[in-house]
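Trainee: Compact mmCIF, C-alpha atoms and all ligand atoms, file final.txt:
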```txt
# COMPACT_ATOMS: atom_id res chain seq x y z
CA MET A 1220 41.04 46.71 -50.43
CA PRO A 1221 43.05 43.42 -50.29
CA GLU A 1222 41.32 40.39 -48.83
CA PRO A 1223 42.44 39.73 -45.22
CA VAL A 1224 44.02 36.40 -46.05
CA GLU A 1225 45.96 37.81 -49.00
CA ALA A 1226 47.20 40.66 -46.81
CA ALA A 1227 48.29 38.18 -44.20
CA MET A 1228 50.13 36.13 -46.82
CA ASP A 1229 51.84 39.33 -47.94
CA ALA A 1230 52.89 39.99 -44.38
CA GLN A 1231 54.20 36.45 -44.14
CA ARG A 1232 56.21 36.89 -47.34
CA GLN A 1233 57.73 40.05 -45.89
CA VAL A 1234 59.38 38.14 -43.03
CA PRO A 1235 63.17 38.32 -43.84
CA ASP A 1236 65.09 35.12 -44.58
CA GLU A 1237 67.41 35.54 -41.56
CA ASP A 1238 64.27 35.21 -39.39
CA ARG A 1239 63.71 31.70 -40.76
CA PRO A 1240 66.59 29.67 -39.23
CA ALA A 1241 66.75 25.87 -39.53
CA GLY A 1242 66.63 23.37 -36.64
CA THR A 1243 65.74 24.58 -33.14
CA GLY A 1244 65.11 28.11 -34.37
CA THR A 1245 62.37 26.92 -36.74
CA ARG A 1246 59.69 26.73 -34.03
CA ARG A 1247 60.33 30.31 -32.88
CA SER A 1248 60.38 31.51 -36.46
CA GLU A 1249 57.04 29.78 -37.16
CA ASP A 1250 55.55 31.36 -34.03
CA ARG A 1251 56.63 34.80 -35.20
CA GLU A 1252 55.22 34.21 -38.66
CA ALA A 1253 51.95 33.09 -37.13
CA GLU A 1254 51.91 36.24 -34.95
CA VAL A 1255 52.58 38.48 -37.94
CA PHE A 1256 49.79 36.69 -39.81
CA ARG A 1257 47.42 37.11 -36.86
CA GLN A 1258 48.23 40.83 -36.54
CA ALA A 1259 47.63 41.38 -40.28
CA VAL A 1260 44.27 39.61 -40.10
CA LEU A 1261 43.35 41.65 -37.01
CA ARG A 1262 44.26 44.92 -38.79
CA GLN A 1263 42.11 43.93 -41.76
CA VAL A 1264 39.18 42.97 -39.52
CA GLU A 1265 39.50 46.32 -37.71
CA ALA A 1266 39.58 48.18 -41.03
CA LEU A 1267 36.52 46.28 -42.26
CA THR A 1268 34.67 46.91 -38.99
CA ALA A 1269 35.42 50.65 -39.22
CA ASP A 1270 34.22 50.67 -42.85
CA ASN A 1271 31.02 48.87 -41.89
CA GLN A 1272 30.46 51.33 -39.07
CA ARG A 1273 30.89 54.27 -41.45
CA LEU A 1274 28.50 52.69 -43.97
CA LEU A 1275 25.95 51.99 -41.27
CA GLN A 1276 26.11 55.57 -40.00
CA SER A 1277 25.71 56.86 -43.53
CA VAL A 1278 22.65 54.60 -44.07
CA VAL A 1279 21.14 55.82 -40.78
CA ARG A 1280 21.77 59.47 -41.78
CA SER A 1281 20.20 58.89 -45.22
CA GLU A 1282 17.21 57.15 -43.68
CA ARG A 1283 16.72 60.07 -41.28
CA ARG A 1284 16.97 62.58 -44.15
CA PHE A 1285 14.53 60.50 -46.21
CA ARG A 1286 12.00 60.42 -43.36
CA THR A 1287 12.27 64.17 -42.84
CA LEU A 1288 11.81 64.78 -46.55
CA ALA A 1289 8.87 62.35 -46.84
CA LYS A 1290 7.21 63.99 -43.82
CA SER A 1291 7.66 67.43 -45.42
CA VAL A 1292 6.05 66.18 -48.64
CA TRP A 1293 3.19 64.80 -46.57
CA HIS A 1294 2.78 68.11 -44.70
CA VAL A 1295 2.73 70.03 -48.00
CA GLN A 1296 0.10 67.61 -49.35
CA GLU A 1297 -2.09 68.04 -46.26
CA GLU A 1298 -1.67 71.83 -46.39
CA GLU A 1299 -2.72 71.82 -50.05
CA ARG A 1300 -5.80 69.74 -49.19
CA ARG A 1301 -6.59 72.19 -46.41
CA ARG A 1302 -6.34 75.14 -48.84
CA LEU A 1303 -8.50 73.41 -51.47
CA ALA A 1304 -11.06 72.42 -48.84
CA ARG A 1305 -11.28 76.04 -47.63
CA GLU A 1306 -11.54 77.35 -51.17
CA LEU A 1307 -14.34 74.91 -52.00
CA HIS A 1308 -16.21 75.76 -48.82
CA ASP A 1309 -15.73 79.53 -48.85
CA GLY A 1310 -15.68 80.05 -52.63
CA ILE A 1311 -18.06 77.76 -54.51
CA GLY A 1312 -19.91 76.93 -51.28
CA GLN A 1313 -20.73 80.59 -50.55
CA THR A 1314 -21.76 81.25 -54.16
CA LEU A 1315 -24.11 78.25 -54.13
CA THR A 1316 -25.57 79.39 -50.80
CA ALA A 1317 -26.27 82.84 -52.25
CA LEU A 1318 -27.78 81.26 -55.40
CA ALA A 1319 -30.05 79.00 -53.32
CA ASN A 1320 -31.26 81.99 -51.27
CA GLN A 1321 -31.96 83.97 -54.42
CA LEU A 1322 -33.85 81.06 -56.02
CA GLN A 1323 -35.87 80.67 -52.84
CA ARG A 1324 -36.91 84.35 -52.96
CA ILE A 1325 -37.88 84.11 -56.67
CA LEU A 1326 -39.81 80.91 -55.93
CA ASP A 1327 -41.71 82.70 -53.14
CA ASP A 1328 -42.58 85.52 -55.58
CA ALA A 1329 -43.62 83.01 -58.27
CA ARG A 1330 -45.98 81.32 -55.80
CA GLY A 1331 -47.81 84.62 -55.37
CA ALA A 1332 -48.11 85.03 -59.18
CA GLY A 1333 -49.89 81.65 -59.54
CA ASN A 1334 -47.66 80.35 -62.37
CA LEU A 1335 -47.46 76.61 -61.58
CA GLY A 1336 -45.05 75.71 -64.43
CA LEU A 1337 -42.56 78.36 -63.39
CA GLU A 1338 -42.94 77.33 -59.74
CA HIS A 1339 -41.99 73.70 -60.56
CA ARG A 1340 -39.00 74.73 -62.66
CA LEU A 1341 -37.76 77.03 -59.92
CA ALA A 1342 -38.28 74.35 -57.26
CA ASP A 1343 -36.22 71.91 -59.39
CA ALA A 1344 -33.48 74.51 -59.82
CA LEU A 1345 -33.49 75.10 -56.05
CA ASP A 1346 -33.18 71.33 -55.36
CA LEU A 1347 -30.27 71.06 -57.79
CA THR A 1348 -28.52 74.00 -56.19
CA ARG A 1349 -28.99 72.61 -52.67
CA GLY A 1350 -27.73 69.19 -53.84
CA SER A 1351 -24.61 70.78 -55.32
CA LEU A 1352 -24.09 72.76 -52.12
CA HIS A 1353 -24.31 69.55 -50.06
CA ASP A 1354 -21.86 67.73 -52.38
CA THR A 1355 -19.44 70.66 -52.33
CA ARG A 1356 -19.43 70.82 -48.53
CA GLU A 1357 -18.99 67.05 -48.27
CA LEU A 1358 -16.12 67.04 -50.76
CA SER A 1359 -14.52 69.92 -48.89
CA ARG A 1360 -14.74 67.99 -45.59
CA LEU A 1361 -13.45 64.77 -47.13
CA LEU A 1362 -10.46 66.67 -48.47
CA ARG A 1363 -9.72 67.98 -45.01
CA PRO A 1364 -12.37 68.10 -42.28
CA THR A 1365 -12.01 71.29 -40.23
CA LEU A 1366 -13.49 69.15 -37.44
CA LEU A 1367 -10.20 67.29 -37.25
CA ASP A 1368 -8.25 70.48 -36.49
CA ASP A 1369 -10.95 72.03 -34.31
CA LEU A 1370 -12.26 69.09 -32.28
CA GLY A 1371 -9.94 66.14 -32.91
CA LEU A 1372 -10.15 62.50 -33.93
CA ASP A 1373 -13.35 61.35 -32.21
CA ALA A 1374 -15.43 64.12 -33.80
CA ALA A 1375 -13.84 63.73 -37.23
CA LEU A 1376 -14.18 59.91 -37.26
CA ASN A 1377 -17.77 60.17 -36.09
CA TRP A 1378 -18.51 62.54 -38.95
CA LEU A 1379 -16.70 60.24 -41.45
CA ALA A 1380 -18.69 57.20 -40.28
CA ARG A 1381 -22.01 59.08 -40.54
CA THR A 1382 -21.21 60.52 -43.98
CA LEU A 1383 -20.12 57.19 -45.47
CA THR A 1384 -23.13 55.41 -43.96
CA GLU A 1385 -25.49 58.00 -45.47
CA ARG A 1386 -23.78 57.76 -48.80
CA THR A 1387 -23.35 53.97 -49.15
CA GLY A 1388 -25.71 52.27 -46.70
CA LEU A 1389 -22.79 50.46 -45.00
CA GLN A 1390 -23.40 50.57 -41.22
CA ILE A 1391 -20.30 52.06 -39.62
CA GLU A 1392 -19.85 52.29 -35.86
CA LEU A 1393 -17.11 54.14 -34.00
CA ARG A 1394 -15.90 52.78 -30.66
CA SER A 1395 -13.30 55.10 -29.28
CA GLY A 1396 -11.54 54.89 -25.95
CA LEU A 1397 -9.92 58.29 -26.46
CA ASP A 1398 -12.65 60.23 -24.66
CA GLU A 1399 -12.14 63.12 -27.05
CA GLN A 1400 -8.56 63.47 -25.90
CA ARG A 1401 -6.36 65.39 -28.36
CA LEU A 1402 -3.22 63.85 -29.85
CA HIS A 1403 -0.36 65.35 -31.85
CA PRO A 1404 -1.84 66.89 -35.06
CA ASP A 1405 0.31 64.61 -37.25
CA VAL A 1406 -0.96 61.54 -35.40
CA GLU A 1407 -4.57 62.71 -35.71
CA THR A 1408 -4.14 63.25 -39.44
CA LEU A 1409 -2.40 59.88 -39.90
CA VAL A 1410 -5.13 57.96 -38.06
CA PHE A 1411 -7.88 59.81 -39.94
CA ARG A 1412 -6.29 59.12 -43.35
CA ILE A 1413 -5.69 55.44 -42.62
CA THR A 1414 -9.30 55.02 -41.43
CA GLN A 1415 -10.52 56.82 -44.56
CA GLU A 1416 -8.44 54.57 -46.83
CA ALA A 1417 -9.43 51.37 -44.98
CA LEU A 1418 -13.15 52.28 -45.14
CA THR A 1419 -12.83 53.10 -48.84
CA ASN A 1420 -11.48 49.56 -49.29
CA VAL A 1421 -14.40 48.10 -47.29
CA ILE A 1422 -16.87 49.97 -49.50
CA ARG A 1423 -15.05 49.07 -52.71
CA HIS A 1424 -14.06 45.44 -52.11
CA ALA A 1425 -15.69 43.85 -49.06
CA GLN A 1426 -19.43 43.68 -49.87
CA ALA A 1427 -19.88 44.07 -46.12
CA ARG A 1428 -23.02 44.92 -44.20
CA SER A 1429 -21.25 46.64 -41.35
CA ALA A 1430 -17.89 47.95 -40.27
CA GLN A 1431 -16.39 49.12 -36.99
CA ILE A 1432 -13.73 51.67 -36.24
CA VAL A 1433 -12.09 50.79 -32.92
CA LEU A 1434 -9.65 53.23 -31.39
CA GLU A 1435 -7.87 52.48 -28.15
CA ARG A 1436 -4.87 53.53 -26.18
CA ARG A 1437 -2.76 51.02 -24.29
CA GLY A 1438 -0.20 52.99 -22.31
CA ASP A 1439 1.86 54.86 -24.88
CA THR A 1440 0.57 52.78 -27.78
CA LEU A 1441 -2.32 53.82 -29.96
CA ILE A 1442 -4.24 51.08 -31.75
CA LEU A 1443 -6.69 51.63 -34.56
CA ARG A 1444 -8.69 48.76 -36.02
CA VAL A 1445 -11.05 48.96 -38.99
CA GLU A 1446 -13.04 45.72 -39.07
CA ASP A 1447 -15.67 44.55 -41.52
CA ASP A 1448 -17.95 41.52 -41.93
CA GLY A 1449 -17.43 41.24 -45.68
CA CYS A 1450 -16.02 38.68 -48.09
CA GLY A 1451 -12.41 38.97 -46.87
CA CYS A 1452 -9.43 38.39 -49.13
CA ASP A 1453 -6.41 36.18 -49.69
CA VAL A 1454 -3.66 37.71 -47.57
CA GLN A 1455 -0.97 35.60 -49.25
CA LEU A 1456 -1.93 36.91 -52.70
CA LEU A 1457 -1.83 40.47 -51.36
CA ALA A 1458 1.62 39.91 -49.83
CA ASP A 1459 2.90 38.48 -53.15
CA ALA A 1460 1.53 41.49 -55.04
CA GLU A 1461 3.18 43.88 -52.57
CA ARG A 1462 6.50 42.03 -52.84
CA ALA A 1463 6.23 42.26 -56.63
CA GLY A 1464 6.12 46.04 -56.16
CA ALA A 1465 2.40 46.65 -56.67
CA SER A 1466 1.59 50.00 -55.14
CA GLY A 1467 -1.84 50.83 -53.86
CA GLY A 1468 -3.80 52.10 -50.93
CA LEU A 1469 -2.42 49.46 -48.58
CA ARG A 1470 1.20 50.16 -49.50
CA GLY A 1471 0.49 53.88 -49.02
CA MET A 1472 -0.98 53.22 -45.54
CA ARG A 1473 2.05 51.16 -44.53
CA ASP A 1474 4.53 53.74 -45.85
CA ARG A 1475 2.79 56.60 -44.04
CA ALA A 1476 2.58 54.62 -40.78
CA GLU A 1477 6.28 53.72 -41.01
CA LEU A 1478 7.18 57.40 -41.33
CA PHE A 1479 5.89 57.78 -37.79
CA GLY A 1480 7.37 54.52 -36.52
CA GLY A 1481 4.04 52.69 -36.73
CA ARG A 1482 2.91 49.62 -38.62
CA VAL A 1483 -0.19 48.55 -40.51
CA GLU A 1484 -1.29 44.92 -40.65
CA LEU A 1485 -4.11 43.36 -42.62
CA LYS A 1486 -5.71 40.17 -41.32
CA SER A 1487 -8.34 38.42 -43.34
CA VAL A 1488 -9.90 35.04 -43.96
CA PRO A 1489 -11.74 34.63 -47.27
CA GLY A 1490 -15.45 34.73 -46.49
CA ASP A 1491 -14.91 35.95 -42.95
CA GLY A 1492 -14.19 39.67 -43.04
CA THR A 1493 -11.08 41.79 -42.83
CA VAL A 1494 -9.27 43.70 -40.09
CA VAL A 1495 -6.81 46.49 -40.80
CA GLN A 1496 -4.80 47.42 -37.72
CA LEU A 1497 -2.52 50.37 -37.12
CA THR A 1498 -0.17 50.17 -34.13
CA LEU A 1499 1.61 53.38 -33.24
CA ALA A 1500 3.87 54.35 -30.35
CA LEU A 1501 2.97 57.85 -29.16
CA ASP A 1502 5.67 60.42 -28.47
CA PRO A 1503 6.10 61.69 -24.89
CA PRO A 1504 4.15 64.99 -25.51
CA ASP A 1505 1.08 62.86 -26.26
CA ARG A 1506 1.28 61.15 -22.87
CA THR A 1507 -0.27 64.10 -21.17
CA GLY A 1508 -2.68 64.51 -24.04
N1 LIG A 1601 -11.79 45.26 -46.49
C1 LIG A 1601 -11.44 44.50 -47.54
N2 LIG A 1601 -12.21 43.44 -47.92
C2 LIG A 1601 -11.86 42.67 -48.97
N3 LIG A 1601 -10.76 42.87 -49.72
C3 LIG A 1601 -9.94 43.90 -49.40
C4 LIG A 1601 -10.24 44.77 -48.30
N4 LIG A 1601 -9.24 45.69 -48.21
C5 LIG A 1601 -8.39 45.40 -49.20
N5 LIG A 1601 -8.80 44.33 -49.93
C6 LIG A 1601 -8.09 43.71 -51.06
O1 LIG A 1601 -6.79 44.23 -51.08
C7 LIG A 1601 -6.49 44.75 -52.37
C8 LIG A 1601 -5.49 45.88 -52.25
O2 LIG A 1601 -6.06 47.02 -51.68
P1 LIG A 1601 -5.43 48.44 -52.02
O3 LIG A 1601 -3.96 48.35 -51.82
O4 LIG A 1601 -6.16 49.46 -51.23
O5 LIG A 1601 -5.68 48.64 -53.57
P2 LIG A 1601 -7.02 48.98 -54.37
O6 LIG A 1601 -8.07 49.39 -53.38
O7 LIG A 1601 -6.62 50.10 -55.27
O8 LIG A 1601 -7.39 47.70 -55.11
C9 LIG A 1601 -7.82 45.11 -52.96
O9 LIG A 1601 -7.79 45.11 -54.36
C10 LIG A 1601 -8.72 44.03 -52.39
O10 LIG A 1601 -8.63 42.87 -53.19
MG MG A 1602 -7.74 50.81 -51.86
```
What is this file in structure tokens?
Mentor:
Amino acid sequence: MPEPVEAAMDAQRQVPDEDRPAGTGTRRSEDREAEVFRQAVLRQVEALTADNQRLLQSVVRSERRFRTLAKSVWHVQEEERRRLARELHDGIGQTLTALANQLQRILDDARGAGNLGLEHRLADALDLTRGSLHDTRELSRLLRPTLLDDLGLDAALNWLARTLTERTGLQIELRSGLDEQRLHPDVETLVFRITQEALTNVIRHAQARSAQIVLERRGDTLILRVEDDGCGCDVQLLADAERAGASGGLRGMRDRAELFGGRVELKSVPGDGTVVQLTLALDPPDRTG
């Protein structure tokens, strides 16, 4: 595409010689040349504007397709987690339950036989089996808590806080203003996953004593905050690492939130804890809950 000015010069060159009279006619001729020049520039600007518009529409279409595709990948991932969670719970979980029951019966029989050595070995085997059953159920729920589908965010986050507290000693409190209200299933999954990721970071990096999950709704906006009283981190360093293309849990949280039009921010002062906040506009169907 020729540059606008070059095109205008071309147009100027195309003005025939008889249109360039000397003397009094010169002024009119110059005016006409200027008009031709102006029209050529205008045509070029219009062409460029139309091109820009087409490009913009194509970018918007691509972005929409990308979001749809990324959401489908996310749905497939969650579905796969759901399937694995069910398989763990119903498959290995049921087998371990049956094994524990059987061991319990044998242990009861052994007690009657007065064989102390055998009794101890069976009791140990029973403990191991029950421990594995507990771990299997916990892993299954962490993969995809059925609570989330059945009872919603408040119940699932409560369970997550309790489980992580039991497992790590970190005191985790949930303060939810949702009053057990249900949201769109995608929103519930998104909030649960971001909380899970943020708490994993607290446990892994913060050396905190306690953490809080705060969930509130302001009109049509949902706000989730995961706060801790740990060592904090250098936000500038994190931003530099993200700009340099480092991918990690935080990047993943942001990407997932953006798919739903939300945003994740991390605020932290070294030595003074960290807050991860998700802000998400809810769609109209969620207004009625
Ligand atoms: N709650 C937190 N307290 C202290 N540092 C944190 C916290 N959350 C994140 N960070 C810092 O941010 C970094 C990036 O986190 P993330 O993207 O989840 O990656 P990863 O957990 O794999 O290191 C962490 O390595 C850690 O230095
Ligand atoms: Mg992480």
Trainee: Produce as a ChimeraX atom specification the set of residues near ligand MG 1602 (chain A), where near means within 9 Å with only C-alpha atoms and all ligand atoms considered.
Mentor: /A:1416-1421,1423-1424,1467-1469
Trainee: 10 Å from ligand LIG 1601 (chain A) is the threshold here; counting all atoms listed in the file, which polymer residues fall inside it? Answer as a PyMOL selection string.
Mentor: chain A and resi 1416-1427+1430+1445-1454+1456-1458+1460-1461+1465-1473+1485-1495
Trainee: Please indicate the distance in Å from CA of Ala1266 (chain A) to CA of Arg1251 (chain A), rounded to one decimal place.
Mentor: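 Distance reported for this atom pair: 22.4 Å.
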Trainee: Compute the distance from (-20.1, 79.6, -49.8) to each atom, counting all atoms listed in the file, keep the residues with any atom at most 12 Å away, and return them as a PDB file with C-alpha atoms, in the frame of the given file; use the coordinates of the file.
Mentor:
```pdb
ATOM      1  CA  ALA A1304     -11.060  72.420 -48.840  1.00  0.00           C
ATOM      2  CA  ARG A1305     -11.280  76.040 -47.630  1.00  0.00           C
ATOM      3  CA  GLU A1306     -11.540  77.350 -51.170  1.00  0.00           C
ATOM      4  CA  LEU A1307     -14.340  74.910 -52.000  1.00  0.00           C
ATOM      5  CA  HIS A1308     -16.210  75.760 -48.820  1.00  0.00           C
ATOM      6  CA  ASP A1309     -15.730  79.530 -48.850  1.00  0.00           C
ATOM      7  CA  GLY A1310     -15.680  80.050 -52.630  1.00  0.00           C
ATOM      8  CA  ILE A1311     -18.060  77.760 -54.510  1.00  0.00           C
ATOM      9  CA  GLY A1312     -19.910  76.930 -51.280  1.00  0.00           C
ATOM     10  CA  GLN A1313     -20.730  80.590 -50.550  1.00  0.00           C
ATOM     11  CA  THR A1314     -21.760  81.250 -54.160  1.00  0.00           C
ATOM     12  CA  LEU A1315     -24.110  78.250 -54.130  1.00  0.00           C
ATOM     13  CA  THR A1316     -25.570  79.390 -50.800  1.00  0.00           C
ATOM     14  CA  ALA A1317     -26.270  82.840 -52.250  1.00  0.00           C
ATOM     15  CA  LEU A1318     -27.780  81.260 -55.400  1.00  0.00           C
ATOM     16  CA  ALA A1319     -30.050  79.000 -53.320  1.00  0.00           C
ATOM     17  CA  ASN A1320     -31.260  81.990 -51.270  1.00  0.00           C
ATOM     18  CA  THR A1348     -28.520  74.000 -56.190  1.00  0.00           C
ATOM     19  CA  ARG A1349     -28.990  72.610 -52.670  1.00  0.00           C
ATOM     20  CA  SER A1351     -24.610  70.780 -55.320  1.00  0.00           C
ATOM     21  CA  LEU A1352     -24.090  72.760 -52.120  1.00  0.00           C
ATOM     22  CA  HIS A1353     -24.310  69.550 -50.060  1.00  0.00           C
ATOM     23  CA  THR A1355     -19.440  70.660 -52.330  1.00  0.00           C
ATOM     24  CA  ARG A1356     -19.430  70.820 -48.530  1.00  0.00           C
ATOM     25  CA  SER A1359     -14.520  69.920 -48.890  1.00  0.00           C
TER      26      SER A1359
END
```
Trainee: Please compute the CA of Leu1478 (chain A)-CA of Leu1358 (chain A) distance, one decimal, in Å.
Mentor: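 Pair CA of Leu1478 (chain A) / CA of Leu1358 (chain A) returns 26.9 Å.
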Trainee: Rounded to one decimal, what separation in Å do you get between CA of Asp1354 (chain A) and CA of His1403 (chain A)?
Mentor: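 Between CA of Asp1354 (chain A) and CA of His1403 (chain A) the gap is 29.8 Å.
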Trainee: Identify, on the basis of all atoms listed in the file, every residue whose closest approach to Gly1388 (chain A) does not exceed 12 Å; exclude the query and any residue fewer than 2 positions from it along the same chain; express the result as an MDAnalysis selection string.
Mentor: chainID A and resid 1380:1386 1390:1391 1422 1426:1430
Trainee: Can you tell me, as a PyMOL selection string, what residues are no more than 7 Å from Thr1440 (chain A) when counting only C-alpha atoms, ignoring any on the same chain fewer than 4 positions away?
Mentor: chain A and resi 1436+1498-1501
Trainee: Measuring between only C-alpha atoms, which one of A:Leu1397, A:Ala1259, A:Leu1341, A:Val1278 shows the shortest distance to Leu1376 (chain A)?
Mentor: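 Going through A:Leu1397, A:Ala1259, A:Leu1341, A:Val1278 one by one, the smallest distance to Leu1376 (chain A) is for A:Leu1397.
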Trainee: For region 1286-1294 of chain A, please output as a list in words all residues within 9 Å (counting all atoms listed in the file; exclusion window: fewer than 4 positions along the same chain).
Mentor: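 Neighbouring residues, sequence-local ones excluded: Ser1281, Glu1282, Glu1298, Glu1299, Asp1405, Arg1475, Leu1478 and Phe1479 of chain A.
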